[in-house]
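Structure data follow from upload26.cif (mmCIF, C-alpha atoms):
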```cif
data_upload
loop_
_atom_site.label_atom_id
_atom_site.label_comp_id
_atom_site.auth_asym_id
_atom_site.auth_seq_id
_atom_site.Cartn_x
_atom_site.Cartn_y
_atom_site.Cartn_z
CA MET A 1 -74.49 15.16 -0.86
CA ASP A 2 -74.84 14.97 2.92
CA THR A 3 -71.90 16.80 4.51
CA ARG A 4 -70.96 17.00 8.16
CA ARG A 5 -68.21 19.25 9.49
CA LEU A 6 -66.62 18.70 12.83
CA SER A 7 -63.70 20.01 14.80
CA VAL A 8 -62.17 17.50 17.19
CA PRO A 9 -59.35 17.79 19.73
CA ALA A 10 -56.08 16.14 18.70
CA THR A 11 -56.56 13.34 21.23
CA ASP A 12 -57.85 9.78 21.44
CA ASP A 13 -61.26 11.20 22.34
CA GLY A 14 -61.13 13.30 19.18
CA ILE A 15 -60.36 10.25 17.04
CA ARG A 16 -63.21 8.38 18.70
CA ALA A 17 -65.61 11.28 18.09
CA ALA A 18 -64.64 11.44 14.41
CA LEU A 19 -65.13 7.67 13.94
CA ASP A 20 -68.50 7.89 15.71
CA ALA A 21 -69.54 10.75 13.41
CA LEU A 22 -68.61 8.75 10.32
CA GLU A 23 -70.51 5.75 11.63
CA GLY A 24 -73.53 7.98 12.32
CA LEU A 25 -73.46 9.54 8.86
CA ALA A 26 -73.33 6.14 7.17
CA ALA A 27 -76.05 4.70 9.40
CA ALA A 28 -78.31 7.68 8.63
CA HIS A 29 -78.27 6.54 5.01
CA GLY A 30 -78.73 2.88 5.82
CA LEU A 31 -75.17 1.93 4.87
CA SER A 32 -73.72 -1.03 6.72
CA LYS A 33 -70.27 -1.69 8.16
CA ALA A 34 -69.73 -4.16 5.35
CA VAL A 35 -69.20 -1.23 2.98
CA THR A 36 -68.10 1.59 5.30
CA TRP A 37 -65.28 -0.09 7.22
CA PRO A 38 -62.52 0.85 4.72
CA VAL A 39 -63.31 4.53 5.29
CA GLU A 40 -63.35 4.03 9.06
CA VAL A 41 -59.95 2.30 8.97
CA THR A 42 -58.61 5.10 6.76
CA LEU A 43 -59.92 7.85 9.03
CA ASP A 44 -58.32 6.10 12.01
CA GLU A 45 -54.96 5.86 10.20
CA VAL A 46 -54.97 9.48 9.09
CA LEU A 47 -56.08 10.88 12.45
CA ALA A 48 -53.65 8.68 14.37
CA ASN A 49 -50.82 10.15 12.26
CA VAL A 50 -51.97 13.71 12.85
CA VAL A 51 -52.62 13.24 16.58
CA ARG A 52 -49.51 11.22 17.42
CA HIS A 53 -47.06 12.95 15.09
CA GLY A 54 -48.14 16.20 13.45
CA LEU A 55 -49.86 17.74 16.46
CA ALA A 56 -48.09 15.74 19.19
CA GLY A 57 -47.09 17.83 22.19
CA ARG A 58 -49.36 20.71 21.21
CA GLY A 59 -51.69 20.28 24.17
CA ASP A 60 -55.44 20.23 24.47
CA ALA A 61 -56.07 23.28 22.32
CA ALA A 62 -54.80 21.59 19.13
CA ARG A 63 -57.69 20.62 16.91
CA VAL A 64 -58.31 18.75 13.68
CA GLU A 65 -60.98 19.91 11.22
CA ILE A 66 -62.85 17.12 9.48
CA GLU A 67 -65.41 17.15 6.70
CA LEU A 68 -67.33 13.95 6.03
CA SER A 69 -69.41 13.79 2.85
CA LEU A 70 -71.65 11.08 1.61
CA ASP A 71 -73.49 10.99 -1.70
CA PRO A 72 -76.04 8.21 -1.40
CA GLY A 73 -77.66 9.20 -4.71
CA VAL A 74 -75.06 7.55 -6.90
CA GLU A 75 -74.46 3.86 -7.29
CA PRO A 76 -72.34 2.80 -5.50
CA PRO A 77 -72.56 5.58 -2.90
CA LEU A 78 -69.57 7.93 -2.76
CA CYS A 79 -67.85 8.87 0.49
CA GLU A 80 -65.33 11.70 0.81
CA VAL A 81 -63.28 12.66 3.83
CA LEU A 82 -61.27 15.85 4.25
CA VAL A 83 -58.85 16.15 7.16
CA VAL A 84 -57.22 19.52 7.88
CA ASP A 85 -54.58 20.25 10.51
CA ASP A 86 -52.10 23.05 11.16
CA GLY A 87 -49.18 20.80 12.10
CA PRO A 88 -45.86 20.88 10.21
CA ALA A 89 -46.17 20.27 6.46
CA PHE A 90 -46.40 16.51 5.93
CA ASP A 91 -47.60 14.67 2.85
CA PRO A 92 -48.44 11.12 3.96
CA LEU A 93 -49.01 10.13 0.33
CA ALA A 94 -45.37 10.87 -0.47
CA GLN A 95 -44.22 8.14 1.93
CA SER A 96 -43.14 4.93 0.26
CA ASP A 97 -45.21 1.78 0.66
CA ALA A 98 -44.25 -0.69 3.36
CA ASP A 99 -42.82 -3.95 2.02
CA THR A 100 -45.72 -6.33 2.67
CA THR A 101 -43.84 -9.37 1.37
CA LEU A 102 -41.16 -9.65 4.06
CA PRO A 103 -41.02 -12.70 6.33
CA LEU A 104 -42.02 -12.31 9.97
CA GLU A 105 -38.50 -11.81 11.34
CA ASP A 106 -37.80 -8.93 8.93
CA ARG A 107 -41.11 -7.12 9.42
CA PRO A 108 -40.75 -3.82 11.21
CA ILE A 109 -43.38 -3.22 13.89
CA GLY A 110 -45.51 -0.40 12.51
CA GLY A 111 -45.45 1.72 9.39
CA LEU A 112 -48.38 0.04 7.64
CA GLY A 113 -50.97 2.78 8.05
CA ILE A 114 -50.43 4.78 4.89
CA THR A 115 -49.94 1.62 2.85
CA LEU A 116 -53.39 0.49 3.96
CA VAL A 117 -54.91 3.89 3.19
CA ARG A 118 -53.54 3.78 -0.34
CA ARG A 119 -54.83 0.25 -0.87
CA LEU A 120 -58.29 0.95 0.58
CA MET A 121 -59.08 4.29 -1.04
CA ASP A 122 -60.09 4.97 -4.65
CA GLY A 123 -58.46 8.40 -4.52
CA ALA A 124 -56.34 10.52 -2.20
CA GLU A 125 -54.93 14.03 -2.59
CA TYR A 126 -52.68 16.09 -0.37
CA GLU A 127 -52.27 19.83 -0.42
CA ARG A 128 -50.46 22.29 1.85
CA ARG A 129 -52.55 25.45 1.82
CA GLU A 130 -52.62 28.49 4.09
CA GLY A 131 -50.20 26.85 6.50
CA ARG A 132 -52.35 23.75 6.90
CA ASN A 133 -52.26 20.14 5.71
CA HIS A 134 -55.31 19.16 3.64
CA LEU A 135 -55.78 15.47 2.98
CA LYS A 136 -58.74 14.46 0.85
CA LEU A 137 -59.77 10.82 0.57
CA ARG A 138 -62.42 9.20 -1.56
CA ARG A 139 -64.02 5.80 -1.82
CA ARG A 140 -67.01 4.24 -3.51
CA LEU A 141 -68.84 2.25 -0.87
CA VAL A 142 -68.80 -1.28 -2.20
CA ALA A 143 -67.96 -4.44 -0.29
CA ILE A 144 -64.46 -5.82 -0.83
CA GLU A 145 -64.35 -9.53 -1.60
CA ALA A 146 -62.17 -11.09 1.07
CA MET B 147 -63.59 -2.35 23.08
CA GLU B 148 -64.00 -5.31 25.37
CA ILE B 149 -61.69 -8.30 25.60
CA SER B 150 -62.92 -11.59 26.95
CA GLU B 151 -60.45 -14.20 28.09
CA GLU B 152 -61.09 -17.87 28.46
CA ARG B 153 -58.70 -20.66 29.26
CA GLY B 154 -59.37 -23.97 27.61
CA ASP B 155 -57.36 -27.02 26.58
CA GLY B 156 -54.10 -25.50 27.81
CA ALA B 157 -54.55 -22.47 25.57
CA MET B 158 -55.57 -18.92 26.38
CA VAL B 159 -58.32 -17.63 24.14
CA MET B 160 -58.62 -13.86 23.87
CA ALA B 161 -61.58 -12.35 22.07
CA PRO B 162 -61.52 -8.60 21.51
CA SER B 163 -64.74 -7.02 20.31
CA GLY B 164 -65.54 -3.71 18.63
CA ARG B 165 -63.06 -1.55 16.75
CA LEU B 166 -59.42 -2.58 16.86
CA ASP B 167 -58.02 0.85 16.05
CA SER B 168 -55.45 3.41 17.17
CA VAL B 169 -57.49 4.19 20.29
CA THR B 170 -58.33 0.67 21.44
CA SER B 171 -55.37 -1.47 20.35
CA ASN B 172 -53.27 -0.50 23.36
CA GLU B 173 -55.77 -2.33 25.52
CA LEU B 174 -55.35 -5.54 23.52
CA GLU B 175 -51.58 -5.12 23.56
CA LYS B 176 -51.61 -4.89 27.37
CA HIS B 177 -53.66 -8.08 27.63
CA VAL B 178 -51.50 -10.01 25.19
CA VAL B 179 -48.21 -8.86 26.72
CA ALA B 180 -49.48 -9.70 30.21
CA ARG B 181 -50.36 -13.25 29.09
CA ILE B 182 -47.06 -13.82 27.34
CA ASP B 183 -45.13 -12.39 30.29
CA ALA B 184 -47.12 -14.67 32.61
CA GLY B 185 -45.83 -17.65 30.66
CA ASP B 186 -48.71 -18.43 28.31
CA ARG B 187 -47.21 -19.94 25.15
CA ARG B 188 -50.41 -20.98 23.38
CA LEU B 189 -52.62 -18.06 22.48
CA VAL B 190 -55.76 -17.93 20.38
CA LEU B 191 -57.02 -14.58 19.17
CA ASP B 192 -60.68 -14.95 18.28
CA MET B 193 -61.51 -12.00 16.02
CA ALA B 194 -65.19 -12.86 15.48
CA GLY B 195 -66.34 -9.79 17.42
CA VAL B 196 -63.95 -7.34 15.75
CA GLU B 197 -65.69 -4.78 13.55
CA TYR B 198 -62.51 -3.80 11.79
CA ILE B 199 -58.78 -3.62 12.37
CA SER B 200 -56.43 -0.78 11.48
CA SER B 201 -52.63 -0.75 11.44
CA ALA B 202 -52.54 -0.19 15.22
CA GLY B 203 -54.23 -3.58 15.63
CA LEU B 204 -51.90 -5.17 13.07
CA ARG B 205 -49.00 -3.90 15.15
CA VAL B 206 -50.27 -5.88 18.15
CA LEU B 207 -50.68 -9.06 16.06
CA LEU B 208 -47.16 -8.71 14.69
CA MET B 209 -45.69 -8.07 18.12
CA ALA B 210 -47.41 -11.18 19.49
CA ALA B 211 -46.27 -13.31 16.54
CA LYS B 212 -42.68 -12.20 16.95
CA ARG B 213 -42.74 -12.97 20.65
CA LEU B 214 -44.37 -16.39 20.12
CA LYS B 215 -42.28 -17.49 17.16
CA ASP B 216 -40.90 -20.50 18.96
CA PRO B 217 -42.74 -22.88 18.73
CA PRO B 218 -44.31 -21.45 15.60
CA ALA B 219 -47.91 -22.54 16.09
CA ALA B 220 -48.29 -20.98 19.51
CA LEU B 221 -50.42 -18.14 18.16
CA VAL B 222 -53.56 -18.98 16.19
CA LEU B 223 -56.05 -16.52 14.75
CA CYS B 224 -59.68 -17.44 14.17
CA GLY B 225 -63.07 -15.92 13.49
CA LEU B 226 -61.84 -13.46 10.86
CA GLY B 227 -64.70 -11.55 9.25
CA PRO B 228 -64.36 -10.09 5.73
CA SER B 229 -63.01 -6.72 6.92
CA VAL B 230 -60.34 -8.19 9.19
CA ARG B 231 -59.31 -10.73 6.56
CA THR B 232 -59.08 -8.05 3.88
CA VAL B 233 -56.84 -5.81 5.97
CA LEU B 234 -54.57 -8.75 6.85
CA GLU B 235 -54.40 -9.61 3.17
CA LEU B 236 -53.60 -6.02 2.09
CA ALA B 237 -50.85 -5.89 4.73
CA GLY B 238 -49.39 -9.19 3.56
CA PHE B 239 -50.11 -10.75 6.95
CA LEU B 240 -51.94 -13.89 5.83
CA PRO B 241 -48.72 -15.93 5.28
CA LEU B 242 -47.34 -14.85 8.66
CA PHE B 243 -50.10 -16.37 10.81
CA VAL B 244 -51.83 -19.64 11.43
CA ILE B 245 -55.45 -18.80 10.58
CA VAL B 246 -58.34 -21.21 11.07
CA PRO B 247 -62.11 -20.69 10.77
CA ALA B 248 -63.41 -21.03 14.32
CA ARG B 249 -62.30 -21.18 17.95
CA LYS B 250 -62.73 -24.94 18.13
CA ASP B 251 -60.39 -25.33 15.14
CA ALA B 252 -57.84 -23.13 16.85
CA LEU B 253 -57.94 -25.21 20.02
CA ALA B 254 -57.68 -28.41 17.98
CA ARG B 255 -54.67 -27.01 16.14
CA LEU B 256 -52.89 -26.13 19.38
CA ARG B 257 -53.78 -29.49 20.93
CA GLY B 258 -52.28 -31.26 17.94
CA GLY B 259 -49.10 -29.28 18.46
CA ALA B 260 -48.96 -28.59 14.72
#
```
As structure tokens, how would this structure be written, given the file I've shared?
Amino acid sequence: MDTRRLSVPATDDGIRAALDALEGLAAAHGLSKAVTWPVEVTLDEVLANVVRHGLAGRGDAARVEIELSLDPGVEPPLCEVLVVDDGPAFDPLAQSDADTTLPLEDRPIGGLGITLVRRLMDGAEYERREGRNHLKLRRRLVAIEA
Amino acid sequence: MEISEERGDGAMVMAPSGRLDSVTSNELEKHVVARIDAGDRRLVLDMAGVEYISSAGLRVLLMAAKRLKDPPAALVLCGLGPSVRTVLELAGFLPLFVIVPARKDALARLRGGA
């Protein structure tokens, strides 16, 4: 298991740094975008929630702790992401799915992020521990047939 | 992310490239809104250069579709790779958009007024 830990500011730059780190970890093991993109989309959704809601207004000192793990020794390779923040308790997995069957005029703008995360990940667990949100996500890196 | 713009056949073709995520989607939104506000009614979004799209990018597509609802074929998407298509499918977006394979098909569709 190849694990990388990083602490990023709760800003756009922090999100970018985290996505770059994930891309770097996957590339180091020869894994292509074709199989890693669902994890990248998920990391973007989760961090966007934390940065724009949970830690919004906290200033430059607010940080998000991220652990990226990749086990290339199993088939298909396993990727795990842990995101930890000390914002208010919030379980994104407890939010109800967006209705993805509504016609255009009834579609609300936004609110699809967690629905996508649920549909893209093989597993997701939330825990509030020691005053911090812990969100763990897991996916086997196989291509999705479009 | 970079966004190239090209006018052809009375339509405006916009081609974002790179990640269409929570950091970069604002840029696309600004471009699309500016075009719609400037009076462009026939837009093509060529997604061939998009690595992947997250809900922030979907938000921009939905906003554009709502603003260009009349006439309904004024927004055409093309060049969807497997990742973009999959996310649109998971979000239930495929029925909401006119989607064709390539840019030339998009321009033909807009020319036909269909």
Margin query: Can you tell me which residues surround Thr3 (chain A) at a distance of at most 10 Å, considering all atoms listed in the file, apart from same-chain residues fewer than 5 positions away, and format the answer as a list in words?
Written below: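 The residues satisfying every condition are Leu25, Glu67, Leu68, Ser69, Leu70, Asp71, Cys79, Glu80 and Val81 of chain A.
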Next item on the list: When you get a sec, could you note down which chain A residues fall within 10 Å of chain B, using all atoms listed in the file, as number ranges by chain?
Entry: A: 11-16, 19, 33-38, 40-45, 47-49, 52, 98-117, 119-120, 143-146
Check: Which polymer residues have any atom within 12 Å of an atom of region 179-187 of chain B, counting all atoms listed in the file, with same-chain residues fewer than 3 positions away left out, as an MDAnalysis selection string?
Finding: chainID B and resid 151:153 156:160 172:176 190 206:207 209:222 256 259
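CA of Gly195 (chain B) lies 20.8 Å from CA of Arg255 (chain B).
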Item checked: Test item: residues at most 8 Å from Glu148 (chain B), only C-alpha atoms, excluding those fewer than 5 positions along its chain, as a ChimeraX atom specification -> /B:162-164
Margin query: Please determine, counting all atoms listed in the file, which residue among A:Gly30, A:Val39, A:Leu6, A:Glu75 has the shortest atom-to-atom distance to Gly123 (chain A).
Written below: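 Using all atoms listed in the file, the shortest distance to Gly123 (chain A) belongs to A:Val39.
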Notebook entry, point to check: When the PyMOL selection byres ((chain A and resi 66) around 9) is applied to the file above, which residues end up in the set, as a ChimeraX atom specification?
Noted result: /A:4-8,18,64-65,67-68,81-85
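Here CA of Val246 (chain B) is placed at a distance of 23.0 Å from CA of Met147 (chain B).
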Check: Rounded to one decimal in Å, what is the spacing between CA of Leu191 (chain B) and CA of Leu223 (chain B)?
Finding: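 Between CA of Leu191 (chain B) and CA of Leu223 (chain B) the gap works out to 4.9 Å.
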Next item on the list: Determine the nearest neighbour of Ala56 (chain A) from the options A:Asp20, A:Val142, A:Ala10, A:Met1, counting all atoms listed in the file.
Entry: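 Ranked by minimum distance to Ala56 (chain A), first place goes to A:Ala10.
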Listed atoms of region 83-90 of chain A boxed axis-aligned with 8 Å per side, centre + edges as JSON:
```
{"center_x": -52.4, "center_y": 19.6, "center_z": 9.0, "size_x": 29.0, "size_y": 22.9, "size_z": 22.2}
```
